[in-house]
file target25.cif (mmCIF, C-alpha atoms, pLDDT in the B column; chains and numbers go by the auth columns)
data_final
loop_
_atom_site.group_PDB
_atom_site.id
_atom_site.type_symbol
_atom_site.label_atom_id
_atom_site.label_comp_id
_atom_site.label_asym_id
_atom_site.label_seq_id
_atom_site.Cartn_x
_atom_site.Cartn_y
_atom_site.Cartn_z
_atom_site.B_iso_or_equiv
_atom_site.auth_seq_id
_atom_site.auth_asym_id
ATOM 1 C CA MET A 1 -99.951 174.954 105.951 41.00 1 A
ATOM 2 C CA ASN A 2 -101.339 171.704 107.304 43.00 2 A
ATOM 3 C CA SER A 3 -98.764 168.942 107.391 46.00 3 A
ATOM 4 C CA ALA A 4 -99.855 165.336 107.527 45.00 4 A
ATOM 5 C CA LEU A 5 -98.455 163.332 110.405 47.00 5 A
ATOM 6 C CA VAL A 6 -97.127 159.890 109.597 50.00 6 A
ATOM 7 C CA GLN A 7 -97.310 157.064 112.080 51.00 7 A
ATOM 8 C CA LEU A 8 -94.223 154.831 112.227 56.00 8 A
ATOM 9 C CA SER A 9 -93.966 151.562 114.087 59.00 9 A
ATOM 10 C CA PHE A 10 -91.445 148.798 114.571 59.00 10 A
ATOM 11 C CA ALA A 11 -92.042 145.526 112.714 53.00 11 A
ATOM 12 C CA LEU A 12 -91.999 142.844 115.382 49.00 12 A
ATOM 13 C CA PRO A 13 -91.976 139.103 114.699 49.00 13 A
ATOM 14 C CA SER A 14 -95.245 137.309 115.265 49.00 14 A
ATOM 15 C CA SER A 15 -95.472 134.273 117.544 52.00 15 A
ATOM 16 C CA ASP A 16 -98.367 133.018 115.394 55.00 16 A
ATOM 17 C CA ASP A 17 -96.310 132.881 112.199 52.00 17 A
ATOM 18 C CA PRO A 18 -93.037 130.918 112.463 49.00 18 A
ATOM 19 C CA LEU A 19 -91.796 132.285 109.113 48.00 19 A
ATOM 20 C CA CYS A 20 -92.325 135.887 110.203 47.00 20 A
ATOM 21 C CA ALA A 21 -88.975 136.089 112.003 46.00 21 A
ATOM 22 C CA ALA A 22 -87.183 134.645 108.966 43.00 22 A
ATOM 23 C CA LEU A 23 -88.927 137.020 106.565 43.00 23 A
ATOM 24 C CA GLU A 24 -88.710 140.099 108.788 47.00 24 A
ATOM 25 C CA HIS A 25 -85.495 141.294 107.161 44.00 25 A
ATOM 26 C CA THR A 26 -87.050 141.159 103.671 42.00 26 A
ATOM 27 C CA MET A 27 -90.008 143.388 104.564 48.00 27 A
ATOM 28 C CA GLU A 28 -90.206 146.323 102.159 52.00 28 A
ATOM 29 C CA TYR A 29 -92.012 149.610 102.455 57.00 29 A
ATOM 30 C CA GLU A 30 -92.993 152.018 99.741 66.00 30 A
ATOM 31 C CA GLN A 31 -91.006 155.224 99.791 75.00 31 A
ATOM 32 C CA LEU A 32 -92.522 157.771 102.133 81.00 32 A
ATOM 33 C CA HIS A 33 -92.648 161.496 101.331 86.00 33 A
ATOM 34 C CA PHE A 34 -92.579 164.321 103.855 88.00 34 A
ATOM 35 C CA VAL A 35 -92.813 168.102 103.596 90.00 35 A
ATOM 36 C CA ALA A 36 -91.461 170.317 106.351 91.00 36 A
ATOM 37 C CA ASN A 37 -93.919 172.762 107.893 90.00 37 A
ATOM 38 C CA GLU A 38 -93.451 176.545 108.185 90.00 38 A
ATOM 39 C CA GLN A 39 -91.218 176.058 111.242 92.00 39 A
ATOM 40 C CA LYS A 40 -88.908 173.775 109.176 92.00 40 A
ATOM 41 C CA GLN A 41 -90.046 170.694 111.101 92.00 41 A
ATOM 42 C CA VAL A 42 -91.131 167.207 110.092 91.00 42 A
ATOM 43 C CA LEU A 43 -93.382 165.547 112.690 90.00 43 A
ATOM 44 C CA PHE A 44 -93.719 161.803 113.302 88.00 44 A
ATOM 45 C CA TYR A 45 -96.053 159.804 115.518 86.00 45 A
ATOM 46 C CA CYS A 46 -94.204 156.704 116.665 86.00 46 A
ATOM 47 C CA VAL A 47 -95.957 153.624 118.025 86.00 47 A
ATOM 48 C CA LEU A 48 -93.895 152.114 120.824 88.00 48 A
ATOM 49 C CA PRO A 49 -93.088 148.398 120.677 85.00 49 A
ATOM 50 C CA GLU A 50 -94.130 146.088 123.500 85.00 50 A
ATOM 51 C CA ASP A 51 -90.572 145.758 124.817 85.00 51 A
ATOM 52 C CA ALA A 52 -90.158 149.514 125.416 90.00 52 A
ATOM 53 C CA HIS A 53 -89.401 150.465 129.022 92.00 53 A
ATOM 54 C CA GLU A 54 -89.115 153.669 131.014 94.00 54 A
ATOM 55 C CA GLY A 55 -85.662 155.154 130.445 94.00 55 A
ATOM 56 C CA ASP A 56 -85.228 153.649 126.955 93.00 56 A
ATOM 57 C CA VAL A 57 -84.280 156.106 124.217 94.00 57 A
ATOM 58 C CA ILE A 58 -86.160 156.277 120.920 92.00 58 A
ATOM 59 C CA SER A 59 -84.550 158.135 118.029 92.00 59 A
ATOM 60 C CA ILE A 60 -85.042 159.020 114.390 92.00 60 A
ATOM 61 C CA SER A 61 -82.211 159.856 112.036 93.00 61 A
ATOM 62 C CA ALA A 62 -82.385 160.881 108.388 92.00 62 A
ATOM 63 C CA THR A 63 -79.213 160.206 106.406 92.00 63 A
ATOM 64 C CA TYR A 64 -78.382 160.710 102.750 92.00 64 A
ATOM 65 C CA PRO A 65 -77.936 157.249 101.184 89.00 65 A
ATOM 66 C CA ASN A 66 -74.234 157.862 100.455 89.00 66 A
ATOM 67 C CA ALA A 67 -73.394 159.656 103.717 85.00 67 A
ATOM 68 C CA ARG A 68 -72.101 158.329 107.019 83.00 68 A
ATOM 69 C CA GLU A 69 -73.503 160.975 109.362 86.00 69 A
ATOM 70 C CA SER A 70 -77.163 161.852 109.718 87.00 70 A
ATOM 71 C CA ALA A 71 -78.410 165.095 108.215 91.00 71 A
ATOM 72 C CA TYR A 72 -81.253 165.250 110.768 93.00 72 A
ATOM 73 C CA PHE A 73 -81.538 163.556 114.149 94.00 73 A
ATOM 74 C CA THR A 74 -83.772 163.608 117.199 94.00 74 A
ATOM 75 C CA ALA A 75 -83.995 161.426 120.300 94.00 75 A
ATOM 76 C CA ARG A 76 -86.233 161.188 123.333 94.00 76 A
ATOM 77 C CA THR A 77 -86.009 159.319 126.624 94.00 77 A
ATOM 78 C CA LEU A 78 -89.234 157.437 127.331 94.00 78 A
ATOM 79 C CA THR A 79 -91.280 158.160 130.446 94.00 79 A
ATOM 80 C CA GLN A 80 -94.007 156.103 132.089 95.00 80 A
ATOM 81 C CA HIS A 81 -96.552 158.492 130.550 95.00 81 A
ATOM 82 C CA ASP A 82 -95.159 157.685 127.070 93.00 82 A
ATOM 83 C CA LEU A 83 -95.482 153.948 127.780 93.00 83 A
ATOM 84 C CA ASP A 84 -99.072 154.393 128.960 94.00 84 A
ATOM 85 C CA GLN A 85 -99.929 156.269 125.744 92.00 85 A
ATOM 86 C CA GLN A 86 -98.004 153.776 123.510 89.00 86 A
ATOM 87 C CA LEU A 87 -97.564 156.665 121.075 87.00 87 A
ATOM 88 C CA ILE A 88 -95.089 159.544 121.034 90.00 88 A
ATOM 89 C CA MET A 89 -94.348 162.409 118.695 91.00 89 A
ATOM 90 C CA LEU A 90 -90.804 163.028 117.447 91.00 90 A
ATOM 91 C CA THR A 91 -89.774 166.113 115.473 92.00 91 A
ATOM 92 C CA LEU A 92 -86.911 166.608 113.054 93.00 92 A
ATOM 93 C CA GLU A 93 -85.890 170.271 113.432 94.00 93 A
ATOM 94 C CA ASN A 94 -84.299 172.777 111.023 94.00 94 A
ATOM 95 C CA VAL A 95 -85.134 170.823 107.861 93.00 95 A
ATOM 96 C CA THR A 96 -83.554 173.017 105.198 92.00 96 A
ATOM 97 C CA GLN A 97 -82.408 170.481 102.573 91.00 97 A
ATOM 98 C CA SER A 98 -84.587 168.464 100.229 92.00 98 A
ATOM 99 C CA GLY A 99 -83.693 165.058 98.893 92.00 99 A
ATOM 100 C CA GLU A 100 -83.928 161.329 99.393 93.00 100 A
ATOM 101 C CA PHE A 101 -82.874 159.946 102.762 92.00 101 A
ATOM 102 C CA VAL A 102 -82.680 156.717 104.715 90.00 102 A
ATOM 103 C CA LEU A 103 -84.813 157.156 107.828 89.00 103 A
ATOM 104 C CA GLN A 104 -83.899 154.968 110.792 89.00 104 A
ATOM 105 C CA LEU A 105 -86.189 154.527 113.771 88.00 105 A
ATOM 106 C CA MET A 106 -84.308 152.998 116.716 89.00 106 A
ATOM 107 C CA LEU A 107 -85.058 152.016 120.293 89.00 107 A
ATOM 108 C CA HIS A 108 -82.080 151.733 122.644 91.00 108 A
ATOM 109 C CA GLY A 109 -82.351 150.163 126.065 88.00 109 A
ATOM 110 C CA LYS A 110 -80.072 149.993 129.045 82.00 110 A
ATOM 111 C CA HIS A 111 -76.374 150.615 128.306 83.00 111 A
ATOM 112 C CA ALA A 112 -77.314 151.829 124.778 82.00 112 A
ATOM 113 C CA THR A 113 -78.238 148.284 123.686 85.00 113 A
ATOM 114 C CA LEU A 114 -80.219 148.308 120.428 86.00 114 A
ATOM 115 C CA LYS A 115 -83.602 146.727 121.149 86.00 115 A
ATOM 116 C CA ASP A 116 -85.564 147.469 117.968 84.00 116 A
ATOM 117 C CA SER A 117 -85.031 149.247 114.677 84.00 117 A
ATOM 118 C CA ALA A 118 -86.852 149.968 111.434 83.00 118 A
ATOM 119 C CA GLN A 119 -85.577 151.578 108.255 85.00 119 A
ATOM 120 C CA PHE A 120 -87.484 153.462 105.568 84.00 120 A
ATOM 121 C CA ASP A 121 -86.585 155.137 102.271 87.00 121 A
ATOM 122 C CA VAL A 122 -88.006 158.646 102.405 89.00 122 A
ATOM 123 C CA GLY A 123 -88.169 161.807 100.354 91.00 123 A
ATOM 124 C CA ILE A 124 -88.046 165.003 102.403 91.00 124 A
ATOM 125 C CA ALA A 125 -88.931 168.386 100.967 92.00 125 A
ATOM 126 C CA ALA A 126 -87.791 171.480 102.850 90.00 126 A
ATOM 127 C CA ASN A 127 -90.759 173.499 101.545 81.00 127 A
ATOM 128 C CA ALA A 128 -94.252 173.060 100.143 67.00 128 A
ATOM 129 C CA SER A 129 -93.090 172.800 96.515 59.00 129 A
ATOM 130 C CA PRO A 130 -90.800 169.762 96.668 45.00 130 A
ATOM 131 C CA GLN A 131 -88.010 169.703 94.117 49.00 131 A
ATOM 132 C CA LEU A 132 -86.440 166.374 94.952 46.00 132 A
ATOM 133 C CA ALA A 133 -83.248 165.650 93.078 43.00 133 A
ATOM 134 C CA PRO A 134 -83.588 162.931 90.435 44.00 134 A
ATOM 135 C CA THR A 135 -82.014 159.655 91.495 48.00 135 A
ATOM 136 C CA ASN A 136 -81.723 156.105 90.331 48.00 136 A
ATOM 137 C CA HIS A 137 -84.668 155.109 92.556 47.00 137 A
ATOM 138 C CA ALA A 138 -86.093 152.735 89.925 45.00 138 A
ATOM 139 C CA LYS A 139 -82.769 150.919 89.767 45.00 139 A
ATOM 140 C CA ASN A 140 -82.724 150.578 93.562 54.00 140 A
ATOM 141 C CA GLN A 141 -86.289 149.239 93.593 53.00 141 A
ATOM 142 C CA GLY A 142 -85.403 146.665 90.923 53.00 142 A
ATOM 143 C CA PHE A 143 -82.438 145.453 92.959 52.00 143 A
ATOM 144 C CA ARG A 144 -84.554 145.241 96.128 55.00 144 A
ATOM 145 C CA GLN A 145 -87.208 143.284 94.273 54.00 145 A
ATOM 146 C CA TYR A 146 -84.524 140.896 92.977 51.00 146 A
ATOM 147 C CA ILE A 147 -83.132 140.344 96.507 53.00 147 A
ATOM 148 C CA SER A 148 -86.636 139.881 97.899 54.00 148 A
ATOM 149 C CA ASN A 149 -87.498 137.317 95.215 51.00 149 A
ATOM 150 C CA LEU A 150 -84.193 135.532 95.782 49.00 150 A
ATOM 151 C CA GLY A 151 -84.883 135.322 99.526 51.00 151 A
ATOM 152 C CA ALA A 152 -88.417 134.039 98.941 48.00 152 A
ATOM 153 C CA SER A 153 -87.125 131.394 96.521 46.00 153 A
ATOM 154 C CA PHE A 154 -84.461 130.333 99.001 43.00 154 A
ATOM 155 C CA LEU A 155 -87.058 129.898 101.779 43.00 155 A
ATOM 156 C CA ALA A 156 -89.324 127.941 99.401 42.00 156 A
ATOM 157 C CA PHE A 157 -86.716 125.157 99.305 40.00 157 A
ATOM 158 C CA PHE A 158 -87.338 124.521 102.992 39.00 158 A
#
call {"tool": "encode", "arguments": {"input": "target25.cif", "output": "structure tokens"}}
result
Amino acid sequence: MNSALVQLSFALPSSDDPLCAALEHTMEYEQLHFVANEQKQVLFYCVLPEDAHEGDVISISATYPNARESAYFTARTLTQHDLDQQLIMLTLENVTQSGEFVLQLMLHGKHATLKDSAQFDVGIAANASPQLAPTNHAKNQGFRQYISNLGASFLAFF
């Protein structure tokens, strides 16, 4: 089975747009869907941010929305070769459960300081015929849209 690779990147504020930093927290992404390959793996290409350095640790965790601990996790220490390529591949291993998850992409620097992070709502299927559990996804999207509109209206006053 061919599995599509998805490229993830951190959303960094733009120096050209002064409102970008203020609006960064309201950025929304459509839900992403992944299917594990025959080896029970989900592969990600990750674009490194400009502030990544050798020795930093990049990680991906997939957590059920109502859970505290991640169901799937992987981390990698960056090398100079990774920085030169500006692109690395991370793999979630032993994907055996299907469902909706919160995917967090994080970059930690020296002394485990969080440098960058991005969060995505994802659906992960453990096999080629995804049977994702029904959820109140539409309700969540409506609430997110309401918060996004509220934030945009608040910024319009300034």
call {"tool": "residues_around", "arguments": {"input": "target25.cif", "residues": "Tyr64 of chain A", "least_positions_apart": "6", "cutoff": "9 Å", "atoms": "all atoms listed in the file", "output": "compact mmCIF listing (two decimals) with C-alpha atoms, in the frame of the given file"}}
result
# COMPACT_ATOMS: atom_id res chain seq x y z
CA SER A 70 -77.16 161.85 109.72
CA ALA A 71 -78.41 165.10 108.22
CA GLY A 99 -83.69 165.06 98.89
CA GLU A 100 -83.93 161.33 99.39
CA PHE A 101 -82.87 159.95 102.76
CA VAL A 102 -82.68 156.72 104.72
CA LEU A 103 -84.81 157.16 107.83
call {"tool": "resolve_selection", "arguments": {"input": "target25.cif", "expression": "the PyMOL selection byres ((chain A and resi 87) around 10)", "output": "list in words"}}
result
Gln7, Leu8, Ser9, Tyr45, Cys46, Val47, Leu48, Pro49, His81, Asp82, Leu83, Asp84, Gln85, Gln86, Ile88, Met89 and Leu90 of chain A
call {"tool": "resolve_selection", "arguments": {"input": "target25.cif", "expression": "the PyMOL selection byres ((chain A and resi 122) around 12)", "output": "list in words"}}
result
Val6, Tyr29, Glu30, Gln31, Leu32, His33, Phe34, Val35, Val42, Ser61, Ala62, Thr63, Tyr64, Pro65, Ser98, Gly99, Glu100, Phe101, Val102, Leu103, Gln104, Gln119, Phe120, Asp121, Gly123, Ile124, Ala125, Leu132 and His137 of chain A
call {"tool": "atom_distance", "arguments": {"input": "target25.cif", "atom1": "atom CA of Asn94 of chain A", "atom2": "atom CA of Gln41 of chain A"}}
result
6.1 Å
call {"tool": "axis_aligned_box", "arguments": {"input": "target25.cif", "around": "segment 73-90 of chain A", "padding_each_side": "5 Å", "output": "JSON"}}
result
{"center_x": -90.7, "center_y": 158.7, "center_z": 123.1, "size_x": 28.4, "size_y": 19.8, "size_z": 27.9}
call {"tool": "residues_around", "arguments": {"input": "target25.cif", "residues": "Leu78 of chain A", "least_positions_apart": "3", "cutoff": "7 Å", "atoms": "all atoms listed in the file", "output": "VMD selection string"}}
result
chain A and resid 54 to 57 82
call {"tool": "write_last_selection", "arguments": {"input": "target25.cif", "atoms": "C-alpha atoms", "output": "short mmCIF file (atom, residue, chain, number, x, y, z; two decimals), in the coordinates of the input"}}
result
data_model
loop_
_atom_site.label_atom_id
_atom_site.label_comp_id
_atom_site.auth_asym_id
_atom_site.auth_seq_id
_atom_site.Cartn_x
_atom_site.Cartn_y
_atom_site.Cartn_z
CA GLU A 54 -89.12 153.67 131.01
CA GLY A 55 -85.66 155.15 130.44
CA ASP A 56 -85.23 153.65 126.96
CA VAL A 57 -84.28 156.11 124.22
CA ASP A 82 -95.16 157.68 127.07
#
call {"tool": "closest_residue", "arguments": {"input": "target25.cif", "among": "A:Lys115, A:Glu93, A:Thr74, A:Glu50", "to": "Glu38 of chain A", "atoms": "all atoms listed in the file"}}
result
A:Glu93
call {"tool": "decode", "arguments": {"input": "target25.cif", "residues": "segment 70-84 of chain A", "atoms": "all heavy atoms", "output": "tab-separated table (two decimals), in the first residue's frame"}}
result
chain	number	residue	atom	x	y	z
A	70	SER	N	0.00	10.78	25.81
A	70	SER	CA	-0.07	10.54	24.37
A	70	SER	C	-0.22	9.05	24.08
A	70	SER	O	0.36	8.21	24.75
A	70	SER	CB	1.17	11.10	23.68
A	70	SER	OG	2.33	10.48	24.16
A	71	ALA	N	-1.01	8.76	23.06
A	71	ALA	CA	-1.16	7.38	22.59
A	71	ALA	C	0.04	6.99	21.73
A	71	ALA	O	0.47	5.83	21.76
A	71	ALA	CB	-2.46	7.24	21.81
A	72	TYR	N	0.58	7.96	20.98
A	72	TYR	CA	1.73	7.71	20.11
A	72	TYR	C	2.69	8.88	20.27
A	72	TYR	O	2.28	10.03	20.37
A	72	TYR	CB	1.29	7.58	18.64
A	72	TYR	CG	0.24	6.53	18.45
A	72	TYR	CD1	-1.07	6.87	18.15
A	72	TYR	CD2	0.55	5.18	18.59
A	72	TYR	CE1	-2.05	5.90	17.99
A	72	TYR	CE2	-0.41	4.20	18.43
A	72	TYR	CZ	-1.70	4.57	18.14
A	72	TYR	OH	-2.67	3.60	17.99
A	73	PHE	N	3.98	8.58	20.26
A	73	PHE	CA	4.99	9.62	20.46
A	73	PHE	C	6.28	9.23	19.77
A	73	PHE	O	6.66	8.06	19.76
A	73	PHE	CB	5.26	9.81	21.96
A	73	PHE	CG	6.33	10.82	22.25
A	73	PHE	CD1	6.02	12.17	22.27
A	73	PHE	CD2	7.64	10.42	22.50
A	73	PHE	CE1	7.01	13.11	22.54
A	73	PHE	CE2	8.63	11.35	22.76
A	73	PHE	CZ	8.32	12.71	22.79
A	74	THR	N	6.95	10.22	19.20
A	74	THR	CA	8.29	10.01	18.66
A	74	THR	C	9.06	11.32	18.78
A	74	THR	O	8.47	12.40	18.74
A	74	THR	CB	8.25	9.53	17.19
A	74	THR	OG1	9.57	9.16	16.79
A	74	THR	CG2	7.73	10.59	16.25
A	75	ALA	N	10.36	11.20	18.96
A	75	ALA	CA	11.22	12.38	19.08
A	75	ALA	C	12.55	12.11	18.39
A	75	ALA	O	12.95	10.95	18.22
A	75	ALA	CB	11.46	12.70	20.56
A	76	ARG	N	13.21	13.20	17.99
A	76	ARG	CA	14.48	13.06	17.30
A	76	ARG	C	15.35	14.27	17.64
A	76	ARG	O	14.89	15.41	17.61
A	76	ARG	CB	14.24	12.99	15.80
A	76	ARG	CG	15.49	12.91	14.98
A	76	ARG	CD	15.15	12.66	13.55
A	76	ARG	NE	16.28	12.87	12.69
A	76	ARG	CZ	16.26	12.64	11.41
A	76	ARG	NH1	15.15	12.20	10.84
A	76	ARG	NH2	17.32	12.85	10.67
A	77	THR	N	16.62	14.01	17.94
A	77	THR	CA	17.58	15.08	18.16
A	77	THR	C	18.13	15.52	16.81
A	77	THR	O	18.56	14.69	16.00
A	77	THR	CB	18.72	14.59	19.08
A	77	THR	OG1	18.14	14.14	20.32
A	77	THR	CG2	19.71	15.71	19.36
A	78	LEU	N	18.13	16.82	16.58
A	78	LEU	CA	18.54	17.36	15.28
A	78	LEU	C	20.06	17.38	15.14
A	78	LEU	O	20.79	17.69	16.08
A	78	LEU	CB	18.00	18.78	15.10
A	78	LEU	CG	16.48	18.92	15.10
A	78	LEU	CD1	16.07	20.38	15.00
A	78	LEU	CD2	15.88	18.11	13.97
A	79	THR	N	20.51	17.04	13.94
A	79	THR	CA	21.93	17.07	13.60
A	79	THR	C	22.17	18.20	12.61
A	79	THR	O	21.22	18.79	12.06
A	79	THR	CB	22.36	15.74	12.96
A	79	THR	OG1	21.66	15.57	11.72
A	79	THR	CG2	22.07	14.56	13.89
A	80	GLN	N	23.42	18.49	12.34
A	80	GLN	CA	23.74	19.52	11.35
A	80	GLN	C	23.22	19.13	9.97
A	80	GLN	O	22.74	19.98	9.22
A	80	GLN	CB	25.25	19.77	11.30
A	80	GLN	CG	25.64	20.94	10.40
A	80	GLN	CD	24.98	22.25	10.80
A	80	GLN	OE1	25.00	22.61	11.98
A	80	GLN	NE2	24.41	22.96	9.84
A	81	HIS	N	23.26	17.83	9.66
A	81	HIS	CA	22.71	17.36	8.38
A	81	HIS	C	21.21	17.68	8.28
A	81	HIS	O	20.74	18.11	7.23
A	81	HIS	CB	22.96	15.85	8.23
A	81	HIS	CG	22.37	15.29	6.98
A	81	HIS	ND1	22.91	15.53	5.73
A	81	HIS	CD2	21.27	14.52	6.78
A	81	HIS	CE1	22.17	14.92	4.81
A	81	HIS	NE2	21.17	14.30	5.43
A	82	ASP	N	20.46	17.47	9.37
A	82	ASP	CA	19.04	17.80	9.38
A	82	ASP	C	18.82	19.29	9.11
A	82	ASP	O	17.93	19.67	8.35
A	82	ASP	CB	18.39	17.45	10.73
A	82	ASP	CG	18.43	15.96	11.03
A	82	ASP	OD1	18.40	15.15	10.08
A	82	ASP	OD2	18.48	15.61	12.22
A	83	LEU	N	19.64	20.13	9.75
A	83	LEU	CA	19.51	21.58	9.56
A	83	LEU	C	19.82	21.98	8.13
A	83	LEU	O	19.16	22.87	7.57
A	83	LEU	CB	20.42	22.32	10.54
A	83	LEU	CG	20.12	22.10	12.02
A	83	LEU	CD1	21.18	22.78	12.88
A	83	LEU	CD2	18.73	22.59	12.36
A	84	ASP	N	20.80	21.34	7.53
A	84	ASP	CA	21.15	21.63	6.14
A	84	ASP	C	20.01	21.24	5.20
A	84	ASP	O	19.74	21.95	4.22
A	84	ASP	CB	22.43	20.89	5.73
A	84	ASP	CG	23.65	21.39	6.48
A	84	ASP	OD1	23.62	22.52	7.02
A	84	ASP	OD2	24.65	20.63	6.53
